[in-house]
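Engineer: What follows is my_file-v9.txt, made up of compact mmCIF, C-alpha atoms:
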# COMPACT_ATOMS: atom_id res chain seq x y z
CA MET Q 70 -16.82 -11.74 -12.38
CA ASP Q 71 -18.35 -9.31 -14.87
CA ILE Q 72 -17.19 -5.74 -15.35
CA LEU Q 73 -20.24 -4.21 -13.62
CA THR Q 74 -19.64 -6.22 -10.46
CA LEU Q 75 -15.96 -5.26 -10.56
CA ASN Q 76 -16.83 -1.57 -10.88
CA LEU Q 77 -19.29 -1.81 -8.00
CA LEU Q 78 -16.66 -3.55 -5.84
CA ASP Q 79 -14.18 -0.84 -6.81
CA ALA Q 80 -16.64 1.90 -5.82
CA LEU Q 81 -17.57 0.33 -2.49
CA LEU Q 82 -13.94 -0.20 -1.53
CA ASP Q 83 -13.18 3.39 -2.54
CA ALA Q 84 -15.96 4.59 -0.23
CA PHE Q 85 -14.63 2.46 2.63
CA SER Q 86 -11.04 3.69 2.00
CA ALA Q 87 -12.26 7.31 1.99
CA ALA Q 88 -13.93 6.82 5.39
CA VAL Q 89 -10.79 5.26 6.92
CA CYS Q 90 -8.58 7.96 5.41
CA ALA Q 91 -10.82 10.74 6.73
CA ALA Q 92 -10.51 9.24 10.22
CA LEU Q 93 -6.73 9.08 9.79
CA VAL Q 94 -6.50 12.82 8.99
CA TRP Q 95 -7.65 13.47 12.57
CA PHE Q 96 -4.66 11.53 13.93
CA MET Q 97 -2.14 12.72 11.35
CA ILE Q 98 -2.71 16.37 12.19
CA LYS Q 99 -1.62 15.83 15.80
CA PRO Q 100 2.19 15.98 15.24
CA TYR Q 101 1.78 19.30 13.39
CA ARG Q 102 -0.67 20.75 15.93
CA PHE Q 103 1.52 19.77 18.85
CA THR Q 104 4.95 20.76 17.53
CA GLY Q 105 3.81 23.61 15.24
CA GLU Q 106 6.54 22.58 12.78
CA ARG Q 107 5.56 23.04 9.15
CA ARG Q 108 7.49 19.99 7.98
CA TYR Q 109 4.79 17.78 9.56
CA VAL Q 110 1.89 19.53 7.82
CA GLY Q 111 2.47 17.23 4.84
CA LEU Q 112 1.11 14.29 6.81
CA PRO Q 113 -2.51 15.52 7.25
CA LEU Q 114 -2.38 17.06 3.77
CA ALA Q 115 -1.34 13.72 2.30
CA PHE Q 116 -4.21 11.87 3.95
CA SER Q 117 -6.65 14.65 3.00
CA PHE Q 118 -5.65 14.31 -0.65
CA LEU Q 119 -5.96 10.53 -0.36
CA THR Q 120 -9.45 10.95 1.10
CA ALA Q 121 -10.37 13.28 -1.77
CA SER Q 122 -8.94 10.82 -4.26
CA TYR Q 123 -11.00 7.91 -2.92
CA ILE Q 124 -14.18 10.03 -2.74
CA LEU Q 125 -13.65 11.06 -6.37
CA GLY Q 126 -12.95 7.43 -7.24
CA PHE Q 127 -16.28 6.49 -5.69
CA VAL Q 128 -18.13 9.30 -7.49
CA SER Q 129 -16.62 8.27 -10.84
CA TYR Q 130 -18.48 4.95 -10.49
CA PHE Q 131 -21.62 6.80 -11.56
CA GLU Q 132 -20.94 6.87 -15.28
CA SER Q 133 -24.01 9.03 -15.93
CA ILE Q 134 -22.31 12.11 -14.45
CA PRO Q 135 -21.32 14.33 -17.40
CA THR Q 136 -17.93 15.27 -15.90
CA VAL Q 137 -16.93 11.70 -15.04
CA ASP Q 138 -13.69 11.91 -17.07
CA VAL Q 139 -12.64 15.07 -15.25
CA ILE Q 140 -13.40 13.39 -11.92
CA ARG Q 141 -11.19 10.41 -12.83
CA TRP Q 142 -8.30 12.72 -13.69
CA LEU Q 143 -8.79 14.66 -10.44
CA SER Q 144 -8.76 11.42 -8.47
CA LEU Q 145 -5.53 10.36 -10.17
CA PHE Q 146 -3.79 13.68 -9.53
CA SER Q 147 -4.99 13.90 -5.91
CA GLN Q 148 -3.54 10.49 -5.13
CA SER Q 149 -0.15 11.41 -6.58
CA TYR Q 150 -0.07 14.70 -4.66
CA ALA Q 151 -0.81 12.75 -1.48
CA PHE Q 152 2.21 10.50 -2.00
CA ALA Q 153 4.39 13.46 -2.97
CA PHE Q 154 3.46 15.17 0.31
CA LEU Q 155 4.29 11.98 2.22
CA ALA Q 156 7.69 11.63 0.54
CA VAL Q 157 8.63 15.24 1.28
CA THR Q 158 7.43 15.03 4.90
CA TYR Q 159 9.67 12.02 5.49
CA TYR Q 160 12.57 13.62 3.60
CA PHE Q 161 12.51 16.69 5.86
CA SER Q 162 11.59 14.86 9.07
CA ASN Q 163 15.15 14.09 10.16
CA LYS Q 164 16.52 17.53 9.40
CA GLN Q 165 16.81 20.50 11.74
CA GLU Q 166 13.74 22.75 11.49
CA GLU Q 167 15.69 25.99 11.14
CA LYS Q 168 17.78 24.62 8.26
CA ILE Q 169 14.88 23.50 6.12
CA GLN Q 170 12.79 26.67 5.90
CA LEU Q 171 13.92 27.68 2.40
CA PRO Q 172 13.77 24.22 0.76
CA LEU Q 173 10.42 23.58 2.48
CA ASN Q 174 9.04 26.91 1.19
CA ILE Q 175 10.29 26.09 -2.30
CA PHE Q 176 8.69 22.66 -2.20
CA TYR Q 177 5.35 23.91 -0.92
CA ALA Q 178 5.33 26.70 -3.52
CA ALA Q 179 6.16 24.17 -6.25
CA ILE Q 180 3.56 21.62 -5.24
CA LEU Q 181 0.83 24.24 -4.69
CA SER Q 182 1.59 25.66 -8.15
CA ALA Q 183 1.47 22.15 -9.62
CA ILE Q 184 -1.87 21.48 -7.89
CA ALA Q 185 -3.35 24.79 -9.08
CA ILE Q 186 -2.07 24.38 -12.64
CA SER Q 187 -3.18 20.76 -12.97
CA TYR Q 188 -6.65 21.48 -11.61
CA ILE Q 189 -7.03 24.58 -13.81
CA VAL Q 190 -5.87 22.62 -16.85
CA ILE Q 191 -8.40 19.88 -16.07
CA PHE Q 192 -11.29 22.28 -15.51
CA VAL Q 193 -10.73 25.21 -17.84
CA PRO Q 194 -11.01 24.61 -21.59
CA PRO Q 195 -9.25 24.57 -23.98
CA SER Q 196 -7.44 21.70 -22.35
CA PHE Q 197 -4.08 20.34 -23.35
CA ALA Q 198 -3.91 17.31 -25.51
CA TRP Q 199 -3.96 14.87 -22.61
CA PRO Q 200 -2.78 11.33 -23.14
CA ASP Q 201 -5.62 8.86 -22.81
CA PHE Q 202 -6.57 8.13 -19.22
CA LYS Q 203 -4.92 4.70 -19.17
CA THR Q 204 -1.53 6.10 -20.20
CA GLY Q 205 -1.82 8.92 -17.64
CA ASP Q 206 -2.80 6.39 -15.02
CA ASP Q 207 0.28 4.26 -15.77
CA TYR Q 208 2.64 7.26 -15.48
CA MET Q 209 1.03 8.37 -12.23
CA ARG Q 210 1.23 4.86 -10.77
CA ALA Q 211 4.95 4.77 -11.60
CA PHE Q 212 5.41 8.14 -9.85
CA ASN Q 213 3.43 6.85 -6.83
CA ILE Q 214 5.63 3.74 -6.65
CA ILE Q 215 8.77 5.91 -6.54
CA CYS Q 216 7.37 8.14 -3.75
CA LEU Q 217 6.09 5.20 -1.69
CA SER Q 218 9.30 3.22 -2.11
CA TYR Q 219 11.23 6.18 -0.73
CA VAL Q 220 8.87 6.46 2.26
CA ALA Q 221 8.93 2.70 2.89
CA ILE Q 222 12.75 2.62 2.83
CA HIS Q 223 12.92 5.70 5.08
CA THR Q 224 10.61 4.18 7.70
CA LEU Q 225 12.33 0.78 7.48
CA ARG Q 226 15.70 2.43 8.09
CA SER Q 227 14.22 4.33 11.00
CA HIS Q 228 12.92 1.03 12.42
CA ALA Q 229 16.25 -0.74 11.79
CA SER Q 230 18.21 1.98 13.61
CA LYS Q 231 16.22 1.33 16.82
CA PRO Q 232 14.35 -1.96 16.40
CA ASP Q 233 11.08 -2.03 18.29
CA ALA Q 234 8.03 -4.20 17.74
CA LYS Q 235 5.85 -1.09 17.74
CA THR Q 236 7.66 0.60 14.84
CA ILE Q 237 7.47 -2.23 12.27
CA TRP Q 238 3.77 -1.72 11.44
CA ILE Q 239 4.02 1.58 9.59
CA PRO Q 240 6.83 0.48 7.21
CA LEU Q 241 4.74 -2.61 6.53
CA SER Q 242 1.76 -0.40 5.79
CA TYR Q 243 3.76 1.73 3.32
CA ILE Q 244 5.05 -1.42 1.64
CA LEU Q 245 1.45 -2.60 1.23
CA PHE Q 246 0.58 0.80 -0.30
CA ASP Q 247 3.54 0.42 -2.62
CA PHE Q 248 2.40 -3.05 -3.75
CA THR Q 249 -1.11 -1.64 -4.21
CA GLN Q 250 0.20 0.81 -6.79
CA TYR Q 251 2.24 -1.94 -8.44
CA SER Q 252 -0.81 -4.23 -8.58
CA PHE Q 253 -2.93 -1.47 -10.13
CA LEU Q 254 -0.18 -0.99 -12.71
CA ILE Q 255 -0.27 -4.71 -13.51
CA TRP Q 256 -4.07 -4.55 -13.69
CA SER Q 257 -3.82 -1.63 -16.08
CA LEU Q 258 -1.27 -3.41 -18.30
CA ASP Q 259 -2.74 -6.90 -18.54
CA SER Q 260 -6.21 -6.65 -16.94
CA SER Q 261 -5.30 -9.36 -14.44
CA PHE Q 262 -8.27 -9.96 -12.17
CA SER Q 263 -6.10 -11.15 -9.29
CA ALA Q 264 -4.00 -7.95 -9.51
CA PHE Q 265 -7.17 -5.85 -9.27
CA VAL Q 266 -8.55 -7.70 -6.25
CA GLY Q 267 -5.09 -7.91 -4.68
CA ALA Q 268 -4.56 -4.16 -5.08
CA HIS Q 269 -7.78 -3.39 -3.24
CA PHE Q 270 -7.06 -5.93 -0.53
CA LEU Q 271 -3.54 -4.56 0.03
CA ARG Q 272 -4.78 -0.97 0.16
CA ILE Q 273 -7.48 -1.75 2.73
CA ALA Q 274 -4.97 -3.76 4.79
CA GLY Q 275 -2.49 -0.84 4.69
CA LEU Q 276 -5.11 1.69 5.75
CA LEU Q 277 -6.38 -0.52 8.57
CA ILE Q 278 -2.82 -0.89 9.89
CA PHE Q 279 -2.52 2.91 9.99
CA LEU Q 280 -5.80 3.12 11.86
CA TYR Q 281 -4.76 0.37 14.27
CA VAL Q 282 -1.45 2.08 15.08
CA ALA Q 283 -3.10 5.49 15.60
CA TYR Q 284 -5.89 4.08 17.72
CA GLN Q 285 -3.47 2.01 19.80
CA THR Q 286 -1.27 5.03 20.49
CA PHE Q 287 -3.95 7.49 21.45
CA TYR Q 288 -6.72 5.39 22.97
CA LYS Q 289 -5.76 1.83 23.76
CA SER Q 290 -2.11 1.95 24.69
CA LYS Q 291 -1.08 -0.50 27.37
CA GLU Q 292 1.62 1.94 28.36
CA GLU Q 293 0.94 4.38 31.11
CA TYR Q 294 1.25 8.03 30.20
CA PRO Q 295 3.18 9.97 31.43
CA LYS Q 296 5.85 7.27 31.43
CA LYS Q 297 7.51 6.63 34.77
CA VAL Q 298 10.94 5.57 33.53
CA ILE Q 299 13.52 8.14 32.54
CA GLU Q 300 16.26 7.03 30.17
CA MET K 281 33.12 15.80 18.63
CA LYS K 282 29.49 14.78 18.40
CA ARG K 283 27.17 17.78 18.05
CA ILE K 284 24.23 17.88 20.41
CA PRO K 285 21.15 18.81 18.36
CA ARG K 286 19.57 22.12 19.29
CA ARG K 287 16.34 21.63 21.17
CA ASP K 288 13.38 23.90 20.69
CA LYS K 289 11.40 25.27 23.60
CA LEU K 290 8.70 22.61 23.30
CA LYS K 291 11.24 19.83 23.69
CA ILE K 292 12.92 21.57 26.64
CA TYR K 293 9.52 22.04 28.32
CA GLY K 294 8.80 18.36 27.69
CA ASP K 295 12.14 17.31 29.20
CA ILE K 296 11.63 19.49 32.28
CA LEU K 297 8.09 18.19 32.84
CA ARG K 298 9.20 14.58 32.41
CA ILE K 299 12.01 15.00 34.95
CA LEU K 300 9.76 16.79 37.44
CA TYR K 301 7.22 13.98 37.05
CA SER K 302 9.80 11.26 37.67
CA GLU K 303 11.23 13.14 40.66
CA ALA K 304 7.79 13.57 42.21
CA ARG K 305 8.25 10.73 44.68
CA GLU K 306 11.34 12.48 46.13
CA GLU K 307 10.64 14.47 49.27
CA LYS K 308 12.21 17.56 47.77
CA ILE K 309 13.10 18.19 44.14
CA VAL K 310 16.63 19.53 43.92
CA LEU K 311 16.89 22.10 41.13
CA THR K 312 20.54 21.32 40.46
CA ARG K 313 19.58 17.75 39.61
CA VAL K 314 16.84 18.95 37.29
CA GLN K 315 19.35 21.30 35.70
CA LEU K 316 21.88 18.50 35.18
CA LYS K 317 19.29 16.17 33.68
CA THR K 318 17.77 18.78 31.37
CA ASN K 319 21.17 20.16 30.42
CA VAL K 320 20.16 23.83 30.49
CA PRO K 321 21.94 26.69 32.33
CA PHE K 322 20.58 27.35 35.81
CA ASP K 323 19.41 30.91 35.07
CA ARG K 324 17.50 29.72 31.99
CA LEU K 325 16.00 26.83 33.93
CA LYS K 326 14.56 29.34 36.40
CA ILE K 327 13.02 31.28 33.49
CA TYR K 328 11.53 28.09 32.02
CA LEU K 329 10.08 27.11 35.40
CA THR K 330 8.42 30.52 35.73
CA GLU K 331 7.00 30.19 32.20
CA LEU K 332 5.70 26.68 32.95
CA GLU K 333 4.12 27.97 36.16
CA ASP K 334 2.47 30.83 34.24
CA LEU K 335 1.05 28.23 31.85
CA GLY K 336 -0.37 26.35 34.83
CA LEU K 337 1.67 23.23 34.08
CA ILE K 338 3.74 23.23 37.28
CA GLN K 339 3.56 24.64 40.79
CA GLN K 340 6.61 25.92 42.67
CA GLU K 341 4.95 26.26 46.07
CA PRO K 342 4.59 24.51 48.52
CA LYS K 343 6.57 21.86 46.61
CA LEU K 344 7.94 21.95 43.07
CA GLY K 345 5.92 19.55 40.90
CA LEU K 346 3.45 19.05 38.10
CA THR K 347 -0.15 20.22 38.32
CA GLU K 348 -2.96 18.01 36.95
CA LYS K 349 -2.90 20.13 33.78
CA GLY K 350 0.86 19.55 33.57
CA LYS K 351 0.42 15.78 33.92
CA GLN K 352 -2.22 15.81 31.18
CA TYR K 353 0.04 17.91 28.94
CA LEU K 354 2.97 15.54 29.53
CA ALA K 355 0.77 12.52 28.75
CA ASP K 356 -0.40 14.14 25.48
CA TYR K 357 3.16 15.15 24.63
CA GLU K 358 4.44 11.60 25.14
CA LYS K 359 1.58 10.12 23.13
CA VAL K 360 2.32 12.41 20.18
CA LEU K 361 6.05 11.60 20.40
CA ASP K 362 5.22 7.90 20.57
CA PHE K 363 2.94 8.22 17.53
CA MET K 364 5.67 10.06 15.60
CA LYS K 365 8.16 7.35 16.53
CA ARG K 366 5.75 4.65 15.32
CA MET K 367 5.22 6.64 12.11
CA GLY K 368 8.98 6.65 11.54
CA LEU K 369 9.20 10.42 11.96
CA THR K 370 12.09 12.02 13.78
CA TYR K 371 11.47 14.91 16.13
CA SER K 372 14.80 16.54 16.92
Let's see the structure in the file written out as structure tokens.

Structural biologist:
Amino acid sequence: MDILTLNLLDALLDAFSAAVCAALVWFMIKPYRFTGERRYVGLPLAFSFLTASYILGFVSYFESIPTVDVIRWLSLFSQSYAFAFLAVTYYFSNKQEEKIQLPLNIFYAAILSAIAISYIVIFVPPSFAWPDFKTGDDYMRAFNIICLSYVAIHTLRSHASKPDAKTIWIPLSYILFDFTQYSFLIWSLDSSFSAFVGAHFLRIAGLLIFLYVAYQTFYKSKEEYPKKVIE
Amino acid sequence: MKRIPRRDKLKIYGDILRILYSEAREEKIVLTRVQLKTNVPFDRLKIYLTELEDLGLIQQEPKLGLTEKGKQYLADYEKVLDFMKRMGLTYS
């Protein structure tokens, strides 16, 4: 497969991923809207950043855009912020709300500063001496793998503590996301075609699992709500 | 001794609604039983019931029970909790 076809495939799958992610934001905001607890706000934020990242990834396909390099950097940063938000949401999820106010405030202040600084540095000249995009991409992928591994382990432990067929899908989805980042890293290091295709396939599979779980819970559940049985 | 995690108001409301819903087939809902199951002091339970009635989620007359709005709220509440459980998130 030639490089043009690969780029087109990349762009189309980015567009599809962005659409699925945008739909997921609608579901991910529900825990925050219902409970009003700030620790869950990271979930919709994470999927919003992912959506932005995939949209920017799609836009960067059009090489003729003068700011295409800036767009690629923005896409890279947005994806890493998404996974950072996910990791922090899961870290704080099993802690008492009243005990996490200060660390949560510190985290949000830190990440918002990081977002502002990184975007300003990208947009406003004179820019720092950035490493070339490929090196930056490798570092970001490594960071993403760390965040996603933490989330995958957290959700797996949560599933293992109370095994239920319904709760295995999301850990699986995070593991697929994790392997996506790993495959992109392999693709970046040795230009392996199978790693590139595999990464896209794994990412789409992961996103579709998220969508399936959300849709099942809110629209197609076989369970009757409110539940009749009281434990 | 195992510490019982502190529940916020939303969770207490949810627990009360769930118990009232499951007790609906009883001829008369006994408040003491609701109090025992929700594990809140009786005087506070009365306050919560008044608040839930003001929100239109329950009715106290002629028989204590959930309104249609209350049933819908409980269904939404359980769906969100179910979603959070599937997502591997803890709501304590």

Engineer: Dump as a ChimeraX atom specification the residues of chain K that approach chain Q to within 6 Å, counting all atoms listed in the file.

Structural biologist: /K:302,354-355,366-370

Engineer: I'd like the interatomic distance between atom CA of Ala274 of chain Q and atom CA of Phe253 of chain Q, to a tenth of an Å.

Structural biologist: 15.2 Å

Engineer: What gap, in Å, lies between atom CA of Asn76 of chain Q and atom CA of Pro113 of chain Q?

Structural biologist: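 Separating atom CA of Asn76 of chain Q from atom CA of Pro113 of chain Q is a distance of 28.7 Å.
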
Engineer: Looking at only C-alpha atoms, which of Q:Ala264, Q:Ile169, Q:Val157, Q:Ala211 is the one that sits closest to Asp247 of chain Q?

Structural biologist: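 Checking each candidate against Asp247 of chain Q, we get Q:Ala211 as the closest.
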
Engineer: Which neighbours of Leu258 of chain Q fall inside 9 Å, counting only C-alpha atoms, when residues of the same chain fewer than 3 positions from it are skipped, and could you give them as a ChimeraX atom specification?

Structural biologist: /Q:203,207,253-255,261

Engineer: Which residues, written as a tab-separated table (two decimals) with C-alpha atoms, in the coordinates of the input, have at least one atom at most 9 Å from Lys308 of chain K, with only C-alpha atoms counted and residues fewer than 3 positions away on the same chain left out?

Structural biologist:
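Saved as selection27.tsv:
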chain	number	residue	atom	x	y	z
K	303	GLU	CA	11.23	13.14	40.66
K	304	ALA	CA	7.79	13.57	42.21
K	305	ARG	CA	8.25	10.73	44.68
K	343	LYS	CA	6.57	21.86	46.61
K	344	LEU	CA	7.94	21.95	43.07

Engineer: Please, what distance in Å, to one decimal, runs between atom CA of Leu145 of chain Q and atom CA of Ile214 of chain Q?

Structural biologist: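 Distance reported for this atom pair: 13.4 Å.
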
Engineer: Which polymer residues have any atom within 10 Å of an atom of segment 118-134 of chain Q, counting all atoms listed in the file, with same-chain residues fewer than 6 positions away left out, as a PyMOL selection string?

Structural biologist: chain Q and resi 73+76-94+140-152+154
